[in-house]
>>> print(open('protein_28.cif').read())   # mmCIF, C-alpha atoms
data_upload
#
loop_
_atom_site.label_atom_id
_atom_site.label_comp_id
_atom_site.auth_asym_id
_atom_site.auth_seq_id
_atom_site.Cartn_x
_atom_site.Cartn_y
_atom_site.Cartn_z
CA MET X 270 -18.98 -28.70 2.59
CA GLY X 271 -20.10 -26.08 5.12
CA VAL X 272 -16.66 -25.76 6.69
CA ARG X 273 -14.96 -25.76 3.30
CA HIS X 274 -17.22 -23.03 1.96
CA SER X 275 -16.73 -20.97 5.12
CA LEU X 276 -12.95 -21.22 4.73
CA LEU X 277 -13.21 -20.15 1.10
CA ARG X 278 -15.21 -17.10 2.12
CA VAL X 279 -12.63 -16.29 4.80
CA GLU X 280 -10.00 -16.50 2.07
CA ALA X 281 -12.08 -14.14 -0.09
CA ALA X 282 -12.20 -11.69 2.83
CA TRP X 283 -8.42 -12.01 3.18
CA TRP X 284 -7.86 -11.10 -0.46
CA MET X 285 -10.43 -8.32 -0.13
CA SER X 286 -8.17 -6.79 2.53
CA ARG X 287 -5.28 -6.76 -0.02
CA THR X 288 -2.77 -7.38 2.74
CA PHE X 289 -0.02 -7.78 0.16
CA LEU X 290 -0.84 -4.27 -1.09
CA SER X 291 -0.43 -2.81 2.40
CA ASN X 292 3.30 -2.55 1.79
CA LEU X 293 3.37 1.25 1.52
CA ALA X 294 1.75 1.48 4.96
CA THR X 295 4.15 -1.22 6.15
CA TRP X 296 7.10 0.76 4.80
CA ALA X 297 5.80 3.88 6.55
CA ALA X 298 5.60 2.06 9.89
CA LEU X 299 9.08 0.56 9.47
CA ILE X 300 10.64 3.86 8.41
CA GLY X 301 8.96 5.81 11.20
CA TRP X 302 10.06 3.27 13.81
CA ILE X 303 13.67 3.08 12.69
CA ALA X 304 13.89 6.88 12.64
CA ALA X 305 13.20 6.76 16.38
CA ASP X 306 14.98 3.48 17.14
CA PRO X 307 17.93 3.17 14.71
CA GLN X 308 19.44 0.20 16.58
CA LEU X 309 16.09 -1.65 16.51
CA LEU X 310 16.27 -2.38 20.22
CA GLY X 311 12.47 -2.60 20.33
CA TRP X 312 12.04 -4.80 17.26
CA PRO X 313 9.37 -7.09 18.81
CA ARG X 314 7.19 -4.05 19.49
CA MET X 315 7.92 -2.82 15.96
CA ILE X 316 6.57 -6.08 14.55
CA ALA X 317 3.44 -5.73 16.70
CA LEU X 318 2.89 -2.24 15.30
CA VAL X 319 3.46 -3.41 11.72
CA VAL X 320 0.81 -6.10 12.22
CA ALA X 321 -1.53 -3.43 13.61
CA VAL X 322 -0.93 -1.13 10.63
CA VAL X 323 -1.38 -3.91 8.07
CA ALA X 324 -4.61 -5.07 9.75
CA LEU X 325 -6.03 -1.55 9.90
CA ASN X 326 -5.00 -0.86 6.31
CA GLY X 327 -6.71 -4.09 5.29
CA ALA X 328 -9.88 -3.01 7.08
CA MET X 329 -9.77 0.27 5.17
CA PHE X 330 -9.40 -1.62 1.88
CA VAL X 331 -12.54 -3.58 2.76
CA VAL X 332 -14.48 -0.44 3.68
CA ASN X 333 -13.31 1.22 0.46
CA ASP X 334 -14.61 -1.76 -1.53
CA ILE X 335 -17.94 -1.53 0.28
CA LEU X 336 -18.26 2.15 -0.60
CA ASP X 337 -17.07 1.58 -4.20
CA ALA X 338 -19.06 -1.59 -4.88
CA ASP X 339 -21.06 -0.05 -7.75
CA GLY X 340 -17.98 1.27 -9.52
CA ASP X 341 -16.06 -1.97 -8.94
CA ALA X 342 -18.82 -3.85 -10.70
CA VAL X 343 -17.54 -2.12 -13.85
CA THR X 344 -13.79 -1.83 -13.27
CA ALA X 345 -13.11 -4.96 -11.13
CA PRO X 346 -16.09 -7.37 -11.24
CA TYR X 347 -13.97 -10.20 -9.81
CA LEU X 348 -13.74 -8.53 -6.37
CA PRO X 349 -15.59 -10.34 -3.54
CA LEU X 350 -18.62 -8.02 -3.36
CA PRO X 351 -19.40 -7.57 -7.10
CA SER X 352 -18.77 -11.27 -7.75
CA GLY X 353 -20.96 -12.39 -4.85
CA LEU X 354 -18.21 -14.19 -2.94
CA LEU X 355 -19.11 -12.14 0.15
CA THR X 356 -22.26 -10.46 1.34
CA LEU X 357 -22.27 -6.89 2.60
CA ARG X 358 -22.63 -8.14 6.19
CA GLN X 359 -19.66 -10.49 5.80
CA ALA X 360 -17.56 -7.66 4.39
CA TRP X 361 -18.34 -5.44 7.39
CA LEU X 362 -17.43 -8.33 9.72
CA ALA X 363 -14.07 -8.64 7.93
CA ALA X 364 -13.45 -4.92 8.40
CA GLY X 365 -14.32 -5.19 12.10
CA ALA X 366 -11.90 -8.10 12.54
CA GLY X 367 -9.13 -6.01 11.01
CA VAL X 368 -9.83 -3.13 13.40
CA LEU X 369 -9.76 -5.52 16.38
CA VAL X 370 -6.37 -6.96 15.36
CA ALA X 371 -5.06 -3.43 14.87
CA ALA X 372 -6.15 -2.41 18.38
CA VAL X 373 -4.42 -5.41 19.97
CA GLY X 374 -1.22 -4.75 18.00
CA LEU X 375 -1.14 -1.10 19.01
CA VAL X 376 -1.57 -1.98 22.69
CA LEU X 377 1.32 -4.45 22.49
CA ALA X 378 3.57 -1.93 20.71
CA ALA X 379 2.99 1.01 23.05
CA ARG X 380 4.79 0.97 26.39
CA THR X 381 2.97 3.89 27.98
CA THR X 382 -0.59 5.13 28.09
CA GLY X 383 0.48 8.43 26.56
CA ARG X 384 2.05 6.77 23.54
CA LEU X 385 -0.95 4.48 23.17
CA LEU X 386 -3.43 7.35 23.19
CA THR X 387 -1.33 9.48 20.82
CA GLY X 388 -0.95 6.56 18.42
CA ALA X 389 -4.68 5.83 18.56
CA VAL X 390 -5.55 9.47 17.84
CA LEU X 391 -3.18 9.56 14.88
CA LEU X 392 -4.60 6.33 13.47
CA LEU X 393 -8.13 7.70 13.90
CA ALA X 394 -7.06 10.81 11.99
CA GLY X 395 -5.71 8.52 9.27
CA ILE X 396 -9.07 6.74 9.05
CA VAL X 397 -10.90 10.07 8.71
CA LEU X 398 -8.50 11.18 5.98
CA SER X 399 -8.94 7.86 4.18
CA ALA X 400 -12.70 8.36 4.26
CA ALA X 401 -12.20 11.87 2.89
CA TYR X 402 -10.22 10.38 0.00
CA SER X 403 -13.26 8.41 -1.15
CA LYS X 404 -15.00 11.76 -1.58
CA VAL X 405 -12.20 13.65 -3.36
CA LYS X 406 -10.42 10.97 -5.41
CA ASP X 407 -12.21 12.21 -8.54
CA TYR X 408 -10.51 15.61 -8.18
CA GLY X 409 -7.29 14.60 -9.90
CA ILE X 410 -4.07 15.50 -8.13
CA TRP X 411 -5.98 16.74 -5.07
CA GLY X 412 -7.22 13.23 -4.48
CA SER X 413 -3.65 11.91 -4.63
CA LEU X 414 -2.48 14.59 -2.20
CA THR X 415 -5.33 13.72 0.17
CA VAL X 416 -4.56 9.99 0.23
CA ALA X 417 -0.86 10.71 0.79
CA LEU X 418 -1.66 12.01 4.27
CA PRO X 419 -3.25 8.84 5.73
CA GLN X 420 -0.66 6.66 3.97
CA SER X 421 2.06 8.58 5.82
CA VAL X 422 0.30 8.48 9.21
CA PRO X 423 1.77 5.05 10.17
CA ALA X 424 5.24 6.65 10.16
CA ALA X 425 4.13 9.28 12.67
CA VAL X 426 2.45 6.61 14.81
CA ALA X 427 5.57 4.43 14.76
CA TRP X 428 7.85 7.36 15.60
CA VAL X 429 5.72 8.31 18.60
CA VAL X 430 5.21 4.75 19.87
CA ALA X 431 8.93 3.98 19.52
CA GLY X 432 9.77 6.95 21.71
CA GLY X 433 10.52 9.73 19.24
CA GLY X 434 13.81 11.10 17.98
CA PRO X 435 15.31 14.08 16.14
CA VAL X 436 12.39 16.11 14.77
CA GLY X 437 14.31 17.23 11.67
CA GLU X 438 14.93 13.64 10.62
CA ALA X 439 11.28 12.79 11.21
CA LEU X 440 10.16 15.67 8.98
CA LEU X 441 12.48 14.54 6.18
CA VAL X 442 11.09 11.02 6.47
CA LEU X 443 7.50 12.31 6.30
CA THR X 444 8.34 14.48 3.28
CA TYR X 445 9.70 11.42 1.49
CA LEU X 446 6.61 9.37 2.32
CA LEU X 447 4.19 12.09 1.21
CA LEU X 448 5.87 12.38 -2.21
CA ALA X 449 6.19 8.61 -2.59
CA SER X 450 2.51 8.19 -1.68
CA VAL X 451 1.40 10.71 -4.30
CA SER X 452 3.45 8.87 -6.92
CA ASN X 453 2.06 5.50 -5.84
CA ASN X 454 -1.56 6.70 -5.91
CA VAL X 455 -1.31 8.20 -9.38
CA LEU X 456 0.27 4.99 -10.67
CA ALA X 457 -2.44 2.87 -9.03
CA ALA X 458 -5.17 4.83 -10.85
CA LEU X 459 -3.43 4.20 -14.18
CA ARG X 460 -4.39 0.53 -13.98
CA ASP X 461 -8.08 1.35 -14.60
CA VAL X 462 -7.71 4.35 -16.90
CA GLU X 463 -9.63 2.59 -19.68
CA LYS X 464 -12.62 1.65 -17.49
CA ASP X 465 -12.76 4.51 -14.99
CA PRO X 466 -14.77 6.85 -17.28
CA ALA X 467 -17.54 4.24 -17.59
CA ALA X 468 -17.63 3.97 -13.78
CA GLY X 469 -17.84 7.76 -13.44
CA ASN X 470 -14.35 8.06 -11.94
CA ARG X 471 -12.45 11.26 -12.80
CA THR X 472 -8.92 10.39 -11.71
CA LEU X 473 -5.88 12.37 -12.80
CA ALA X 474 -5.22 9.80 -15.54
CA VAL X 475 -8.75 10.27 -16.91
CA ARG X 476 -8.41 14.06 -16.79
CA ILE X 477 -5.00 14.50 -18.44
CA GLY X 478 -4.42 11.12 -20.06
CA ALA X 479 -2.31 8.15 -19.00
CA PRO X 480 1.04 9.48 -20.33
CA GLY X 481 0.58 12.83 -18.57
CA ALA X 482 -0.41 11.15 -15.30
CA PHE X 483 2.61 8.88 -15.50
CA ARG X 484 4.87 11.92 -15.91
CA VAL X 485 3.35 13.39 -12.72
CA ALA X 486 3.90 10.11 -10.86
CA ALA X 487 7.50 9.92 -12.06
CA LEU X 488 8.17 13.53 -11.09
CA ALA X 489 6.84 12.95 -7.57
CA GLY X 490 8.88 9.76 -7.31
CA PHE X 491 12.12 11.44 -8.33
CA ALA X 492 11.40 14.44 -6.08
CA ALA X 493 11.07 12.03 -3.14
CA LEU X 494 14.79 11.31 -3.45
CA VAL X 495 15.67 14.86 -2.39
CA PRO X 496 14.77 14.42 1.32
CA VAL X 497 16.53 11.04 1.26
CA ALA X 498 19.72 12.68 0.04
CA VAL X 499 19.46 15.44 2.63
CA LEU X 500 18.84 12.89 5.39
CA ALA X 501 21.76 10.71 4.28
CA VAL X 502 24.18 13.65 4.26
CA ALA X 503 22.94 15.22 7.49
CA ARG X 504 22.90 12.07 9.61
CA PRO X 505 25.22 10.79 7.90
CA GLY X 506 23.99 7.53 6.40
CA TRP X 507 25.94 6.95 3.22
CA TRP X 508 24.51 3.53 2.47
CA GLY X 509 21.17 5.25 1.95
CA LEU X 510 22.63 7.19 -0.96
CA GLY X 511 23.70 3.95 -2.64
CA PHE X 512 20.22 2.47 -2.33
CA ALA X 513 18.62 5.71 -3.55
CA ALA X 514 20.93 5.85 -6.58
CA ALA X 515 20.08 2.26 -7.47
CA GLY X 516 16.35 3.01 -7.29
CA ALA X 517 16.76 6.12 -9.43
CA VAL X 518 18.71 4.17 -12.08
CA ILE X 519 15.99 1.49 -12.26
CA HIS X 520 13.33 4.17 -12.77
CA LEU X 521 15.37 6.02 -15.39
CA LEU X 522 15.89 2.80 -17.33
CA CYS X 523 12.23 1.81 -17.46
CA TYR X 524 10.74 5.32 -17.81
CA PRO X 525 10.77 5.49 -21.66
CA ARG X 526 9.20 2.03 -22.08
CA LEU X 527 6.48 2.74 -19.53
CA LEU X 528 5.68 6.09 -21.12
CA ARG X 529 5.18 4.34 -24.48
CA ASN X 530 3.04 1.63 -22.90
CA PHE X 531 0.78 4.12 -21.15
CA ALA X 532 0.25 5.90 -24.47
CA GLU X 533 -0.91 2.63 -26.03
CA PRO X 534 -4.72 2.22 -25.89
CA GLY X 535 -6.46 -1.02 -25.04
CA ARG X 536 -4.02 -2.39 -22.46
CA ASP X 537 -6.03 -4.06 -19.69
CA ARG X 538 -5.48 -3.97 -15.93
CA VAL X 539 -3.35 -7.13 -15.86
CA GLN X 540 -1.08 -5.83 -18.62
CA ARG X 541 -0.65 -2.48 -16.89
CA LEU X 542 0.26 -4.21 -13.63
CA ALA X 543 2.84 -6.29 -15.49
CA ASP X 544 4.18 -3.13 -17.18
CA GLN X 545 4.91 -1.59 -13.77
CA ARG X 546 6.80 -4.57 -12.31
CA LEU X 547 10.31 -3.13 -12.80
CA TRP X 548 9.15 0.34 -11.73
CA LYS X 549 7.72 -1.18 -8.54
CA LEU X 550 11.11 -2.80 -7.85
CA GLY X 551 12.68 0.65 -8.14
CA GLU X 552 10.12 2.00 -5.65
CA TYR X 553 11.03 -0.67 -3.12
CA VAL X 554 14.74 0.01 -3.52
CA LYS X 555 14.00 3.70 -2.84
CA HIS X 556 11.94 2.82 0.24
CA SER X 557 14.86 0.65 1.38
CA SER X 558 17.16 3.65 0.98
CA VAL X 559 15.37 5.51 3.79
CA VAL X 560 15.75 2.54 6.15
CA ALA X 561 19.37 2.08 5.02
CA VAL X 562 20.21 5.63 6.12
CA PHE X 563 19.61 4.43 9.68
CA HIS X 564 20.40 0.71 9.40
CA PRO X 565 21.84 -0.70 6.10
CA VAL X 566 21.19 -4.36 6.90
CA ALA X 567 17.59 -3.62 7.88
CA GLY X 568 17.16 -1.72 4.61
CA LEU X 569 18.34 -4.73 2.61
CA VAL X 570 16.26 -7.25 4.57
CA CYS X 571 13.08 -5.14 4.53
CA GLY X 572 13.38 -4.52 0.79
CA ALA X 573 13.89 -8.19 -0.04
CA VAL X 574 11.13 -9.49 2.23
CA LEU X 575 8.47 -6.92 1.32
CA TYR X 576 9.16 -7.14 -2.42
CA ALA X 577 8.88 -10.94 -2.24
CA CYS X 578 5.56 -10.55 -0.40
CA LEU X 579 4.32 -8.15 -3.08
CA ARG X 580 5.25 -10.34 -6.03
CA GLY X 581 4.05 -13.55 -4.39
CA GLY X 582 0.86 -11.87 -3.22
CA TYR X 583 0.05 -10.59 -6.71
CA ARG X 584 0.62 -14.05 -8.21
CA VAL X 585 -1.68 -15.84 -5.79
CA TYR X 586 -4.23 -12.98 -5.86
CA ARG X 587 -4.53 -13.28 -9.64
CA ALA X 588 -4.89 -17.05 -9.48
CA ARG X 589 -7.35 -17.21 -6.61
CA LEU X 590 -9.47 -14.07 -7.08
CA VAL X 591 -8.95 -12.46 -10.50
CA SER X 592 -8.99 -15.77 -12.38
CA GLY X 593 -11.94 -17.02 -10.34
CA ALA X 594 -10.45 -20.04 -8.54
CA ILE X 595 -12.33 -19.29 -5.32
CA ARG X 596 -15.57 -18.75 -7.21
CA ARG X 597 -15.17 -22.06 -9.03
CA SER X 598 -14.40 -23.86 -5.76
CA LEU X 599 -17.56 -22.45 -4.17
CA ALA X 600 -19.56 -23.63 -7.18
CA ASN X 601 -18.28 -27.21 -6.79
CA PRO X 602 -20.14 -29.03 -4.01
CA VAL X 603 -17.32 -31.58 -3.64
CA PRO X 604 -13.58 -30.93 -4.16
CA VAL X 605 -12.24 -32.68 -7.24
CA ALA X 606 -8.81 -34.29 -7.06
CA GLY X 607 -6.20 -32.30 -8.94
CA HIS X 608 -8.24 -29.11 -8.82
CA ASP X 609 -8.68 -26.21 -6.32
#
>>> encode(input="protein_28.cif", output="structure tokens")
Amino acid sequence: MGVRHSLLRVEAAWWMSRTFLSNLATWAALIGWIAADPQLLGWPRMIALVVAVVALNGAMFVVNDILDADGDAVTAPYLPLPSGLLTLRQAWLAAGAGVLVAAVGLVLAARTTGRLLTGAVLLLAGIVLSAAYSKVKDYGIWGSLTVALPQSVPAAVAWVVAGGGPVGEALLVLTYLLLASVSNNVLAALRDVEKDPAAGNRTLAVRIGAPGAFRVAALAGFAALVPVAVLAVARPGWWGLGFAAAGAVIHLLCYPRLLRNFAEPGRDRVQRLADQRLWKLGEYVKHSSVVAVFHPVAGLVCGAVLYACLRGGYRVYRARLVSGAIRRSLANPVPVAGHD
């Protein structure tokens, strides 16, 4: 029973890190790397860096949950800390493990001491900016702009570690990621728009209403296509335009329905996540468009794999954490056949 319970708590820490939600950071690392290494000659080192970024992002998710534990008790009581699946000490240990994995991955990805040090400094800056977000996220759009910076840092790290490339292309990539990150953050806050006021959170959705916040998110998302188009024409990388057009069509098709849904009161977090499923697919197609400008096959493969990870991750996350399967397993002293 001791080993079983320990493994269940390790699983709770895993879900606390929301690895499957690290996809925006993963996209940033992939896009930044391929901007410097379009032929993917250093793909093993790219994978090492992606692992590092995902691990560090997971550690930041854990730290964010530690800092937001009181608010999460209202908006997300199923999370490991509010539900008692993990103690505060165990949560800090999970965050430390993530940082350790990130350090090892960065060392493996960087070929030179200079690249290693530059990458480490950039990641440290990202951590500081992430901590700043926890202080300003109640300031509406300014919070979203603040979090967009650390979410784009992995692209800069990847570009440097991979050896660099044309600066103009790198700036276009970063512009895309900043706009996409703002859109993603505003959408993420919409999930808890009903409960955030009770927790004292003053997100953009709380300030201007869910429909207005969704319009801002959509505007930022569509604006992100501009640097993609410029990059595709300048390089040229015409396949990127095809991917970008497909993503834009998906968003245009689901925009009216989502706007109506966000205007409807009483929709809970699970419903709002389900509402955004098609929109999220459009986001991933747009992310793929940036990769496709440099390498069409990589754009297709990355989009398919990361979207599958997202959808599968959400499904298991809901079953194991949101629905309380881990909590029920911990409450049972002996596993019962046919159950968890």
>>> residues_around(input="protein_28.cif", residues="X:Leu385", least_positions_apart="5", cutoff="9 Å", atoms="all atoms listed in the file", output="ChimeraX atom specification")
/X:375-376,378-380,390,429-430
>>> closest_residue(input="protein_28.cif", among="X:Cys523, X:Ala281, X:Ala503, X:Ala458", to="X:Gln545", atoms="all atoms listed in the file")
X:Cys523
>>> residues_near_point(input="protein_28.cif", point="(-10.1, -11.3, 6.7)", cutoff="10 Å", atoms="all atoms listed in the file", output="list in words")
Arg278, Val279, Glu280, Ala281, Ala282, Trp283, Trp284, Met285, Ser286, Arg287, Thr288, Ala324, Gly327, Ala328, Val331, Gln359, Ala360, Leu362, Ala363, Ala364, Gly365, Ala366 and Gly367 of chain X
>>> closest_residue(input="protein_28.cif", among="X:Leu575, X:Val319, X:Val426, X:Ile300", to="X:Ser558", atoms="all atoms listed in the file")
X:Ile300
>>> residues_around(input="protein_28.cif", residues="X:Phe491", least_positions_apart="4", cutoff="8 Å", atoms="all atoms listed in the file", output="list of chain:residue names")
X:Ala487, X:Val495, X:Ala517
>>> write_last_selection(input="protein_28.cif", atoms="C-alpha atoms", output="mmCIF file, in the frame of the given file")
data_model
loop_
_atom_site.group_PDB
_atom_site.id
_atom_site.type_symbol
_atom_site.label_atom_id
_atom_site.label_comp_id
_atom_site.auth_asym_id
_atom_site.auth_seq_id
_atom_site.Cartn_x
_atom_site.Cartn_y
_atom_site.Cartn_z
ATOM 1 C CA ALA X 487 7.500 9.920 -12.060
ATOM 2 C CA VAL X 495 15.670 14.860 -2.390
ATOM 3 C CA ALA X 517 16.760 6.120 -9.430
#
>>> residues_around(input="protein_28.cif", residues="X:Ser399", least_positions_apart="4", cutoff="9 Å", atoms="only C-alpha atoms", output="PyMOL selection string")
chain X and resi 329+333+394-395+403+415-416+418-420
>>> closest_residue(input="protein_28.cif", among="X:Tyr576, X:Phe512, X:Trp411, X:Tyr347", to="X:Val591", atoms="all atoms listed in the file")
X:Tyr347
>>> atom_distance(input="protein_28.cif", atom1="atom CA of X:Gly434", atom2="atom CA of X:Gly516")
26.7 Å
>>> resolve_selection(input="protein_28.cif", expression="the PyMOL selection byres ((chain X and resi 351) around 10)", output="list in words")
Asp334, Ile335, Asp337, Ala338, Asp339, Gly340, Asp341, Ala342, Val343, Ala345, Pro346, Tyr347, Leu348, Pro349, Leu350, Ser352, Gly353, Leu354, Leu355 and Thr356 of chain X
>>> closest_residue(input="protein_28.cif", among="X:Val566, X:Leu494, X:Leu456, X:Val422", to="X:Trp548", atoms="all atoms listed in the file")
X:Leu456
>>> resolve_selection(input="protein_28.cif", expression="the PyMOL selection byres ((chain X and resi 417) around 12)", output="PyMOL selection string")
chain X and resi 293-294+297+395+398-399+401-402+406+410-416+418-424+443-455+489
>>> residues_near_point(input="protein_28.cif", point="(15.0, 0.2, 9.0)", cutoff="6 Å", atoms="only C-alpha atoms", output="NGL selection string")
:X and (299-300 or 303 or 560 or 564 or 567-568)
>>> atom_distance(input="protein_28.cif", atom1="atom CA of X:Cys578", atom2="atom CA of X:Phe289")
6.3 Å
>>> axis_aligned_box(input="protein_28.cif", around="stretch 354-370 of chain X", padding_each_side="3 Å", output="JSON")
{"center_x": -14.5, "center_y": -8.7, "center_z": 6.7, "size_x": 22.3, "size_y": 17.1, "size_z": 25.3}
>>> residues_around(input="protein_28.cif", residues="X:Arg484", least_positions_apart="4", cutoff="8 Å", atoms="all atoms listed in the file", output="short mmCIF file (atom, residue, chain, number, x, y, z; two decimals) with C-alpha atoms, keeping the file's coordinate frame")
data_model
loop_
_atom_site.label_atom_id
_atom_site.label_comp_id
_atom_site.auth_asym_id
_atom_site.auth_seq_id
_atom_site.Cartn_x
_atom_site.Cartn_y
_atom_site.Cartn_z
CA PRO X 480 1.04 9.48 -20.33
CA LEU X 488 8.17 13.53 -11.09
CA LEU X 528 5.68 6.09 -21.12
#
>>> closest_residue(input="protein_28.cif", among="X:Val322, X:Val570, X:Leu527, X:Leu599", to="X:Ala427", atoms="all atoms listed in the file")
X:Val322
>>> atom_distance(input="protein_28.cif", atom1="atom CA of X:Arg584", atom2="atom CA of X:Leu550")
15.4 Å
>>> residues_around(input="protein_28.cif", residues="X:Ala498", least_positions_apart="2", cutoff="12 Å", atoms="only C-alpha atoms", output="VMD selection string")
chain X and resid 438 441 to 442 444 to 445 491 to 496 500 to 514 517 555 558 to 559 561 to 562
>>> write_last_selection(input="protein_28.cif", atoms="C-alpha atoms", output="mmCIF file, in the coordinates of the input")
data_model
loop_
_atom_site.group_PDB
_atom_site.id
_atom_site.type_symbol
_atom_site.label_atom_id
_atom_site.label_comp_id
_atom_site.auth_asym_id
_atom_site.auth_seq_id
_atom_site.Cartn_x
_atom_site.Cartn_y
_atom_site.Cartn_z
ATOM 1 C CA GLU X 438 14.930 13.640 10.620
ATOM 2 C CA LEU X 441 12.480 14.540 6.180
ATOM 3 C CA VAL X 442 11.090 11.020 6.470
ATOM 4 C CA THR X 444 8.340 14.480 3.280
ATOM 5 C CA TYR X 445 9.700 11.420 1.490
ATOM 6 C CA PHE X 491 12.120 11.440 -8.330
ATOM 7 C CA ALA X 492 11.400 14.440 -6.080
ATOM 8 C CA ALA X 493 11.070 12.030 -3.140
ATOM 9 C CA LEU X 494 14.790 11.310 -3.450
ATOM 10 C CA VAL X 495 15.670 14.860 -2.390
ATOM 11 C CA PRO X 496 14.770 14.420 1.320
ATOM 12 C CA LEU X 500 18.840 12.890 5.390
ATOM 13 C CA ALA X 501 21.760 10.710 4.280
ATOM 14 C CA VAL X 502 24.180 13.650 4.260
ATOM 15 C CA ALA X 503 22.940 15.220 7.490
ATOM 16 C CA ARG X 504 22.900 12.070 9.610
ATOM 17 C CA PRO X 505 25.220 10.790 7.900
ATOM 18 C CA GLY X 506 23.990 7.530 6.400
ATOM 19 C CA TRP X 507 25.940 6.950 3.220
ATOM 20 C CA TRP X 508 24.510 3.530 2.470
ATOM 21 C CA GLY X 509 21.170 5.250 1.950
ATOM 22 C CA LEU X 510 22.630 7.190 -0.960
ATOM 23 C CA GLY X 511 23.700 3.950 -2.640
ATOM 24 C CA PHE X 512 20.220 2.470 -2.330
ATOM 25 C CA ALA X 513 18.620 5.710 -3.550
ATOM 26 C CA ALA X 514 20.930 5.850 -6.580
ATOM 27 C CA ALA X 517 16.760 6.120 -9.430
ATOM 28 C CA LYS X 555 14.000 3.700 -2.840
ATOM 29 C CA SER X 558 17.160 3.650 0.980
ATOM 30 C CA VAL X 559 15.370 5.510 3.790
ATOM 31 C CA ALA X 561 19.370 2.080 5.020
ATOM 32 C CA VAL X 562 20.210 5.630 6.120
#
>>> resolve_selection(input="protein_28.cif", expression="the PyMOL selection byres ((chain X and resi 321) around 9)", output="ChimeraX atom specification")
/X:316-320,322-326,367-375,378
>>> closest_residue(input="protein_28.cif", among="X:Leu579, X:Arg529, X:Val518, X:Tyr553", to="X:Phe483", atoms="only C-alpha atoms")
X:Arg529
